[in-house]
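Working notes, structure below.
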Amino acid sequence: MAVCARLCGVGPARGCRQRGAAREQRRGAADSEPDTDTDPEEAAGGGVTEDEEAAERIEGGRPLPPSVEAGPAGRAPLSLLELPPELLVQIFGSLPGTDLPSLARVCTTFRRILRTDTIWRRRCREEYGVCENLRKLEITGVSCRDVYAKLLHRYRHILGLWQPDIGPYGGLLNVVVDGLFIIGWMYLPPHDPHVDDPMRFKPLFRIHLMERKCATVECMYGHKGPHNGHIQIVKKDEFSTKCNQTDHHRMSGGRQEEFRTWLREEWGRTLEDIFHEHMQELILMKFIYTSQYDNCLTYRRIYLPPSSPEDLIQPGLFKGTYGSHGLEIVMLSFHGKKAKGTKITGDPNIPAGQQTVEIDLAHPLQLPDIENLRDFSELSRIVLEVQEQVRREEQEREQQQEEQEHSQQAASQPASPLGGEGAEGEETTAGAEGKTQDKASASQPFVLPMGVISRNEDYPRTCRICFYGTGLIAGHGFTSPERTPGVFVLFDDDRFGFIWLELKSFSLYSRIKVPFQNAQAPSREAFDEMLKNIQSLAT
């Protein structure tokens with residue numbers, strides 16, 4: 001700020017002001033008046049002045065008078081004010097839009113330059129990906145600066161991935177810039193049990209500029225078209241939506257028609273097609289619970305998991321089968337020797353936010369041959385042996401930790417770093433990880449044991465590698481939760497499965513292949529904190 005002020009001759013350096021006055025023969029006090037407005041909406045504000053003609057020349061590419069193309073006496077310019085306006089437009093247009101209000105405060109010359117729509121058109125394109133022909137906005141009287149300041153910049157904090165607070169059910173909302181709109185898309189899994197089908201999505205709200213005064217928020221819920229809505233940014237990483245015309249959500253046939261319509265959209269079938277009585281109860285329960293919100297929801301930001309070259313596969317979002325509950329969205333993330341599957345959508349038994357599966361990457365499983373694999377008791381024997389091994393290792397680690405604490409207290413000094421045994425242990429672990437990666441590159445035959453139930457029989461018949469893991473099970477209302485042993489099965493880069501031994505059930509997961517924007521965690525710590533927060537809310 002101070003540098004810009006000195007460059008244009010209005011800063012605190014007296015010599016700079018004197019040289020500027022001598023060169024420009026004191027262009028006038030108006031050109032060196034500081035401006036205190038900091039809002040991007042006002043960075044190029046003000047009414048029409050004599051400089052509009054210069055701005056038009058910049059827009060149209062017509063040459064400017066020779067007097068503005070070089071400094072006095074043909075020498076190189078020593079001040080930014082001596083540069084040609086079209087060059088200043090290029091310079092200012094390359095800066096982040098949030099920095100432009102500071103330039104507008106330097107002097108009214110800069111402020112007039114910032115009225116040029118070329119600058120704001122470039123910021124809309126480079127910062128928010130707006131590729132529409134923004135020149136068409138001139139017909140409606142809306143400038144590119146209006147789009148940037150009143151729409152894109154104002155609502156920039158809600159762009160990205162969010163999880164709605166809908167009790168145990170959760171959800172996945174993706175807020176994006178779509179043309180000249182900001183739209184909140186709710187992503188839905190494909191119809192059960194077609195886990196490999198693409199995701200479905202529907203709009204919940206949209207924001208756009210109807211006039212120059214302010215942006216308009218519209219609720220898109222229901223079947224009667226857009227209607228009046230409201231968005232409030234509660235705090236960082238949290239916002240809420242409210243529908244001001246909930247009568248638009250009602251249907252002429254009453255709740256029965258609304259339920260039938262919701263069932264076709266949510267499940268792709270009618271209630272008569274669902275013969276399982278327990279499944280009918282779960283579906284009706286979800287409709288009653290979720291419809292009461294009327295699109296008046298609170299959303300909390302979620303991040304995509306960070307990745308590293310050591311990860312078994314690329315972490316991300318997957319859709320998986322959960323028996324009578326249908327398909328649900330799970331986030332797979334890696335944490336050293338552990339991998340975690342966290343529910344983004346949930347059900348009354350295991351709500352959204354809970355860690356549905358945990359994979360122990362330090363304990364790969366060697367499956368029996370294909371004939372013995374069909375025997376459920378043989379698979380159970382292998383898994384329970386590994387479970388006992390894991391339990392013993394945990395006990396040994398606890399004992400070692402207690403002994404180390406006692407020795408530290410006895411010596412009354414900080415413990416020295418672990419020596420030979422610890423180093424050998426690390427080397428052994430590294431060697432095991434290397435062997436695991438080698439095994440993961442090869443394939444082996446796979447078949448589900450007899451008696452294991454799968455919603456989707458079209459699962460892969462070969463797998464890369466299997467690991468010991470645990471799955472979270474609970475009663476209705478998340479009562480008596482416990483982690484039970486299971487088998488994590490990696491099929492390929494985009495699909496994995498989990499065998500729940502106690503339930504004799506199999507879940508198949510398939511990657512969600514959507515290029516989500518504005519969803520990367522700023523750091524590993526921020527992602528871990530996000531996981532902790534959504535789990536605590538679910539609990």
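Identifiers in the structure tokens: chain A, B, ... in order shown; residue index from 1 per chain; ligand index from 1 in order shown.
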Inset, instruction - Please identify all polymer residues within 6 Å of Thr216 in chain A, counting only C-alpha atoms, omitting same-chain residues fewer than 2 positions from it, and present them as a ChimeraX atom specification. - result: /A:207-209
Taking N, CA and C atoms for each residue, export the selection above as a CSV table (one decimal), in the first residue's frame.
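To be explicit, this is the file written out as again-v1.csv:
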chain,number,residue,atom,x,y,z
A,207,ILE,N,-28.2,-18.9,-6.2
A,207,ILE,CA,-28.0,-17.5,-6.0
A,207,ILE,C,-27.6,-16.9,-7.3
A,208,HIS,N,-28.2,-15.8,-7.6
A,208,HIS,CA,-27.9,-15.1,-8.9
A,208,HIS,C,-28.2,-13.6,-8.8
A,209,LEU,N,-27.8,-12.8,-9.7
A,209,LEU,CA,-28.0,-11.4,-9.7
A,209,LEU,C,-29.2,-11.1,-10.6
Inset, instruction - Considering only C-alpha atoms, return as a VMD selection string whatever protein or nucleic-acid residues lie within 9 Å of Leu282 in chain A, sequence-local ones (same chain, fewer than 4 positions apart) excluded. - result: chain A and resid 277 to 278 286 to 287 324 to 325 347 to 348
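Among the candidates A:Ile119, A:Cys107, A:Ile359, A:Leu297, the residue lying nearest to Gly93 in chain A is A:Ile119 (atoms considered: only C-alpha atoms).
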Inset, instruction - Excluding Ser443 in chain A and residues on its chain fewer than 4 positions from it, collect all residues at most 8 Å away from it, counting only C-alpha atoms, and give them as a ChimeraX atom specification. - result: /A:439,462-465
Inset, instruction - State, in Å with one decimal place, the distance from CA of Ile91 in chain A to CA of Gln517 in chain A. - result: 27.2 Å
Would you tabulate, counting only C-alpha atoms, all residues of range 163-269 of chain A that have an atom at most 12 Å from an atom of range 466-490 of chain A, showing the closest pair of atoms and their distance in Å to one decimal, sorted by chain then ascending number, as a Markdown table?
| residue | atom | partner | partner_atom | distance |
| --- | --- | --- | --- | --- |
| A:Gly167 | CA | A:Gly477 | CA | 10.6 |
| A:Pro168 | CA | A:Gly477 | CA | 8.6 |
| A:Tyr169 | CA | A:Gly477 | CA | 11.7 |
Inset, instruction - Excluding range 375-389 of chain A and residues on its chain fewer than 6 positions from it, collect all residues at most 9 Å away from it, counting only C-alpha atoms, and give them as an MDAnalysis selection string. - result: chainID A and resid 363 365:368 448:452 468:469 485:487 501 504
Export of prior selection with all heavy atoms as a tab-separated table (two decimals), in the first residue's frame:
chain	number	residue	atom	x	y	z
A	363	HIS	N	-1.50	-55.61	9.10
A	363	HIS	CA	-1.85	-57.03	9.22
A	363	HIS	C	-2.60	-57.50	7.97
A	363	HIS	O	-3.82	-57.63	7.97
A	363	HIS	CB	-2.69	-57.28	10.47
A	363	HIS	CG	-1.93	-57.10	11.74
A	363	HIS	ND1	-1.81	-55.88	12.36
A	363	HIS	CD2	-1.22	-58.00	12.49
A	363	HIS	CE1	-1.08	-56.02	13.45
A	363	HIS	NE2	-0.70	-57.30	13.55
A	365	LEU	N	-3.96	-60.22	5.28
A	365	LEU	CA	-4.47	-61.58	5.45
A	365	LEU	C	-4.12	-62.42	4.22
A	365	LEU	O	-4.27	-61.96	3.09
A	365	LEU	CB	-5.99	-61.57	5.63
A	365	LEU	CG	-6.54	-60.88	6.88
A	365	LEU	CD1	-8.07	-60.91	6.87
A	365	LEU	CD2	-6.01	-61.54	8.14
A	366	GLN	N	-3.69	-63.63	4.48
A	366	GLN	CA	-3.44	-64.59	3.41
A	366	GLN	C	-4.68	-65.47	3.28
A	366	GLN	O	-4.93	-66.31	4.14
A	366	GLN	CB	-2.21	-65.44	3.71
A	366	GLN	CG	-1.87	-66.43	2.62
A	366	GLN	CD	-1.54	-65.75	1.30
A	366	GLN	OE1	-0.76	-64.79	1.26
A	366	GLN	NE2	-2.13	-66.23	0.22
A	367	LEU	N	-5.47	-65.26	2.24
A	367	LEU	CA	-6.70	-66.02	2.06
A	367	LEU	C	-6.38	-67.45	1.64
A	367	LEU	O	-5.37	-67.71	0.96
A	367	LEU	CB	-7.58	-65.36	1.01
A	367	LEU	CG	-8.13	-63.96	1.33
A	367	LEU	CD1	-8.99	-63.47	0.18
A	367	LEU	CD2	-8.91	-63.96	2.63
A	368	PRO	N	-7.22	-68.40	2.01
A	368	PRO	CA	-7.03	-69.79	1.56
A	368	PRO	C	-7.34	-69.92	0.08
A	368	PRO	O	-7.78	-68.96	-0.57
A	368	PRO	CB	-8.03	-70.57	2.42
A	368	PRO	CG	-9.10	-69.59	2.76
A	368	PRO	CD	-8.42	-68.26	2.89
A	448	LEU	N	-17.08	-64.99	-2.28
A	448	LEU	CA	-17.65	-64.86	-0.94
A	448	LEU	C	-17.93	-66.23	-0.34
A	448	LEU	O	-18.39	-67.14	-1.05
A	448	LEU	CB	-18.94	-64.04	-0.99
A	448	LEU	CG	-18.79	-62.53	-1.19
A	448	LEU	CD1	-20.17	-61.89	-1.30
A	448	LEU	CD2	-18.01	-61.89	-0.05
A	449	PRO	N	-17.66	-66.42	0.95
A	449	PRO	CA	-17.98	-67.69	1.59
A	449	PRO	C	-19.48	-67.97	1.57
A	449	PRO	O	-20.31	-67.04	1.51
A	449	PRO	CB	-17.47	-67.50	3.02
A	449	PRO	CG	-16.48	-66.38	2.94
A	449	PRO	CD	-16.97	-65.49	1.85
A	450	MET	N	-19.83	-69.21	1.63
A	450	MET	CA	-21.23	-69.60	1.66
A	450	MET	C	-21.89	-69.03	2.92
A	450	MET	O	-21.32	-69.08	4.00
A	450	MET	CB	-21.36	-71.13	1.66
A	450	MET	CG	-20.80	-71.80	0.41
A	450	MET	SD	-21.76	-71.39	-1.06
A	450	MET	CE	-23.30	-72.24	-0.67
A	451	GLY	N	-23.09	-68.50	2.76
A	451	GLY	CA	-23.82	-67.93	3.88
A	451	GLY	C	-23.63	-66.45	4.07
A	451	GLY	O	-24.37	-65.83	4.85
A	452	VAL	N	-22.66	-65.83	3.39
A	452	VAL	CA	-22.44	-64.38	3.49
A	452	VAL	C	-23.39	-63.68	2.52
A	452	VAL	O	-23.39	-63.98	1.32
A	452	VAL	CB	-20.98	-64.00	3.20
A	452	VAL	CG1	-20.81	-62.49	3.16
A	452	VAL	CG2	-20.05	-64.61	4.25
A	468	TYR	N	-6.82	-57.34	7.73
A	468	TYR	CA	-7.68	-57.43	8.91
A	468	TYR	C	-8.26	-56.05	9.20
A	468	TYR	O	-7.59	-55.02	9.05
A	468	TYR	CB	-6.89	-57.93	10.11
A	468	TYR	CG	-7.63	-57.81	11.42
A	468	TYR	CD1	-8.61	-58.73	11.77
A	468	TYR	CD2	-7.34	-56.77	12.30
A	468	TYR	CE1	-9.29	-58.63	12.97
A	468	TYR	CE2	-8.02	-56.66	13.50
A	468	TYR	CZ	-9.00	-57.59	13.83
A	468	TYR	OH	-9.69	-57.47	15.01
A	469	GLY	N	-9.52	-56.02	9.59
A	469	GLY	CA	-10.16	-54.76	9.93
A	469	GLY	C	-11.29	-54.95	10.92
A	469	GLY	O	-11.61	-56.09	11.31
A	485	PRO	N	-14.74	-57.86	14.27
A	485	PRO	CA	-13.72	-58.17	13.25
A	485	PRO	C	-14.33	-58.38	11.87
A	485	PRO	O	-15.49	-58.77	11.72
A	485	PRO	CB	-13.10	-59.47	13.78
A	485	PRO	CG	-14.15	-60.09	14.63
A	485	PRO	CD	-14.90	-58.94	15.26
A	486	GLY	N	-13.50	-58.12	10.87
A	486	GLY	CA	-13.93	-58.30	9.49
A	486	GLY	C	-12.74	-58.35	8.55
A	486	GLY	O	-11.58	-58.32	8.98
A	487	VAL	N	-13.04	-58.41	7.27
A	487	VAL	CA	-12.00	-58.52	6.24
A	487	VAL	C	-12.18	-57.39	5.23
A	487	VAL	O	-13.25	-57.23	4.64
A	487	VAL	CB	-12.08	-59.88	5.51
A	487	VAL	CG1	-10.97	-59.97	4.46
A	487	VAL	CG2	-11.99	-61.03	6.49
A	501	LEU	N	-18.00	-60.24	9.71
A	501	LEU	CA	-18.09	-61.63	10.17
A	501	LEU	C	-19.33	-61.86	11.04
A	501	LEU	O	-20.05	-62.84	10.86
A	501	LEU	CB	-16.83	-62.02	10.94
A	501	LEU	CG	-15.55	-62.24	10.14
A	501	LEU	CD1	-14.48	-62.84	11.02
A	501	LEU	CD2	-15.80	-63.15	8.94
A	504	LYS	N	-22.39	-61.72	9.00
A	504	LYS	CA	-22.35	-62.55	7.79
A	504	LYS	C	-22.88	-61.76	6.59
A	504	LYS	O	-23.74	-62.20	5.84
A	504	LYS	CB	-23.16	-63.84	7.97
A	504	LYS	CG	-22.49	-64.87	8.86
A	504	LYS	CD	-23.18	-66.22	8.78
A	504	LYS	CE	-22.42	-67.27	9.56
A	504	LYS	NZ	-23.07	-68.61	9.46
Inset, instruction - To one decimal in Å, tell me the separation between CA of Glu126 in chain A and CA of Arg511 in chain A. - result: 29.4 Å
Inset, instruction - Just the helix (DSSP H, G or I) stuff from range 71-266 of chain A, please, per backbone DSSP, written as a PyMOL selection string. - result: chain A and resi 72-74+80-82+85-93+97-104+108-113+117-128+134-140+144-152+156-158+246-249+254-266
Could you save those same residues with C-alpha atoms as a PDB file, in the first residue's frame?
ATOM      1  CA  PRO A  72       7.448  13.635 -20.235  1.00  0.00           C
ATOM      2  CA  ALA A  73      10.218  14.258 -22.756  1.00  0.00           C
ATOM      3  CA  GLY A  74       9.933  10.676 -24.018  1.00  0.00           C
ATOM      4  CA  LEU A  80       2.811   4.150 -12.126  1.00  0.00           C
ATOM      5  CA  LEU A  81       0.706   7.160 -13.020  1.00  0.00           C
ATOM      6  CA  GLU A  82       2.881   7.710 -16.083  1.00  0.00           C
ATOM      7  CA  PRO A  85      -3.918   3.096 -18.845  1.00  0.00           C
ATOM      8  CA  GLU A  86      -4.171  -0.064 -20.967  1.00  0.00           C
ATOM      9  CA  LEU A  87      -0.973  -1.338 -19.318  1.00  0.00           C
ATOM     10  CA  LEU A  88      -2.360  -0.561 -15.864  1.00  0.00           C
ATOM     11  CA  VAL A  89      -5.479  -2.519 -16.793  1.00  0.00           C
ATOM     12  CA  GLN A  90      -3.284  -5.529 -17.583  1.00  0.00           C
ATOM     13  CA  ILE A  91      -1.347  -5.144 -14.329  1.00  0.00           C
ATOM     14  CA  PHE A  92      -4.413  -4.657 -12.145  1.00  0.00           C
ATOM     15  CA  GLY A  93      -6.230  -7.499 -13.886  1.00  0.00           C
ATOM     16  CA  GLY A  97      -9.664  -9.332  -6.695  1.00  0.00           C
ATOM     17  CA  THR A  98      -9.307  -8.983  -2.928  1.00  0.00           C
ATOM     18  CA  ASP A  99      -6.254  -6.725  -3.459  1.00  0.00           C
ATOM     19  CA  LEU A 100      -7.992  -4.282  -5.785  1.00  0.00           C
ATOM     20  CA  PRO A 101      -9.787  -2.283  -3.049  1.00  0.00           C
ATOM     21  CA  SER A 102      -6.359  -1.358  -1.662  1.00  0.00           C
ATOM     22  CA  LEU A 103      -5.403   0.017  -5.061  1.00  0.00           C
ATOM     23  CA  ALA A 104      -8.627   2.001  -5.215  1.00  0.00           C
ATOM     24  CA  THR A 108      -8.782   8.496  -7.789  1.00  0.00           C
ATOM     25  CA  THR A 109      -6.747   7.743 -10.930  1.00  0.00           C
ATOM     26  CA  PHE A 110      -6.380   4.128  -9.872  1.00  0.00           C
ATOM     27  CA  ARG A 111     -10.027   4.139  -8.858  1.00  0.00           C
ATOM     28  CA  ARG A 112     -11.073   5.251 -12.335  1.00  0.00           C
ATOM     29  CA  ILE A 113      -8.870   2.582 -13.944  1.00  0.00           C
ATOM     30  CA  ASP A 117     -14.836  -4.147 -16.764  1.00  0.00           C
ATOM     31  CA  THR A 118     -11.968  -6.008 -18.436  1.00  0.00           C
ATOM     32  CA  ILE A 119     -10.264  -6.255 -15.050  1.00  0.00           C
ATOM     33  CA  TRP A 120     -13.286  -7.784 -13.325  1.00  0.00           C
ATOM     34  CA  ARG A 121     -14.105 -10.062 -16.233  1.00  0.00           C
ATOM     35  CA  ARG A 122     -10.628 -11.559 -15.922  1.00  0.00           C
ATOM     36  CA  ARG A 123     -10.965 -11.964 -12.138  1.00  0.00           C
ATOM     37  CA  CYS A 124     -14.312 -13.747 -12.566  1.00  0.00           C
ATOM     38  CA  ARG A 125     -12.754 -16.136 -15.061  1.00  0.00           C
ATOM     39  CA  GLU A 126      -9.463 -16.863 -13.284  1.00  0.00           C
ATOM     40  CA  GLU A 127     -10.701 -17.009  -9.682  1.00  0.00           C
ATOM     41  CA  TYR A 128     -14.124 -18.607 -10.144  1.00  0.00           C
ATOM     42  CA  LEU A 134     -19.960 -11.639 -19.597  1.00  0.00           C
ATOM     43  CA  ARG A 135     -20.362  -8.887 -22.189  1.00  0.00           C
ATOM     44  CA  LYS A 136     -24.004  -9.947 -22.494  1.00  0.00           C
ATOM     45  CA  LEU A 137     -24.511  -8.649 -18.972  1.00  0.00           C
ATOM     46  CA  GLU A 138     -24.423  -5.108 -20.302  1.00  0.00           C
ATOM     47  CA  ILE A 139     -27.935  -5.643 -21.660  1.00  0.00           C
ATOM     48  CA  THR A 140     -29.279  -6.208 -18.140  1.00  0.00           C
ATOM     49  CA  CYS A 144     -18.632  -7.842 -14.294  1.00  0.00           C
ATOM     50  CA  ARG A 145     -17.690  -5.939 -11.159  1.00  0.00           C
ATOM     51  CA  ASP A 146     -21.232  -6.487  -9.863  1.00  0.00           C
ATOM     52  CA  VAL A 147     -20.928 -10.230 -10.554  1.00  0.00           C
ATOM     53  CA  TYR A 148     -17.580 -10.395  -8.771  1.00  0.00           C
ATOM     54  CA  ALA A 149     -18.388  -8.214  -5.765  1.00  0.00           C
ATOM     55  CA  LYS A 150     -22.080  -8.931  -5.126  1.00  0.00           C
ATOM     56  CA  LEU A 151     -22.200 -12.606  -6.067  1.00  0.00           C
ATOM     57  CA  LEU A 152     -18.859 -14.431  -6.331  1.00  0.00           C
ATOM     58  CA  ARG A 156     -17.142 -17.344  -1.813  1.00  0.00           C
ATOM     59  CA  HIS A 157     -17.099 -18.846   1.689  1.00  0.00           C
ATOM     60  CA  ILE A 158     -19.880 -21.336   0.886  1.00  0.00           C
ATOM     61  CA  THR A 246     -42.546 -23.735   2.191  1.00  0.00           C
ATOM     62  CA  ASP A 247     -46.001 -24.027   0.604  1.00  0.00           C
ATOM     63  CA  HIS A 248     -44.101 -24.563  -2.665  1.00  0.00           C
ATOM     64  CA  HIS A 249     -42.953 -27.908  -1.230  1.00  0.00           C
ATOM     65  CA  GLY A 254     -51.076 -34.439   0.110  1.00  0.00           C
ATOM     66  CA  ARG A 255     -48.491 -36.420   2.009  1.00  0.00           C
ATOM     67  CA  GLN A 256     -49.252 -39.659   0.180  1.00  0.00           C
ATOM     68  CA  GLU A 257     -48.376 -38.133  -3.188  1.00  0.00           C
ATOM     69  CA  GLU A 258     -45.285 -36.499  -1.691  1.00  0.00           C
ATOM     70  CA  PHE A 259     -44.164 -39.873  -0.280  1.00  0.00           C
ATOM     71  CA  ARG A 260     -44.699 -41.728  -3.557  1.00  0.00           C
ATOM     72  CA  THR A 261     -42.784 -39.045  -5.461  1.00  0.00           C
ATOM     73  CA  TRP A 262     -39.930 -39.069  -2.911  1.00  0.00           C
ATOM     74  CA  LEU A 263     -39.784 -42.885  -3.025  1.00  0.00           C
ATOM     75  CA  ARG A 264     -39.410 -42.916  -6.810  1.00  0.00           C
ATOM     76  CA  GLU A 265     -36.640 -40.309  -6.642  1.00  0.00           C
ATOM     77  CA  GLU A 266     -34.838 -41.795  -3.626  1.00  0.00           C
TER      78      GLU A 266
END
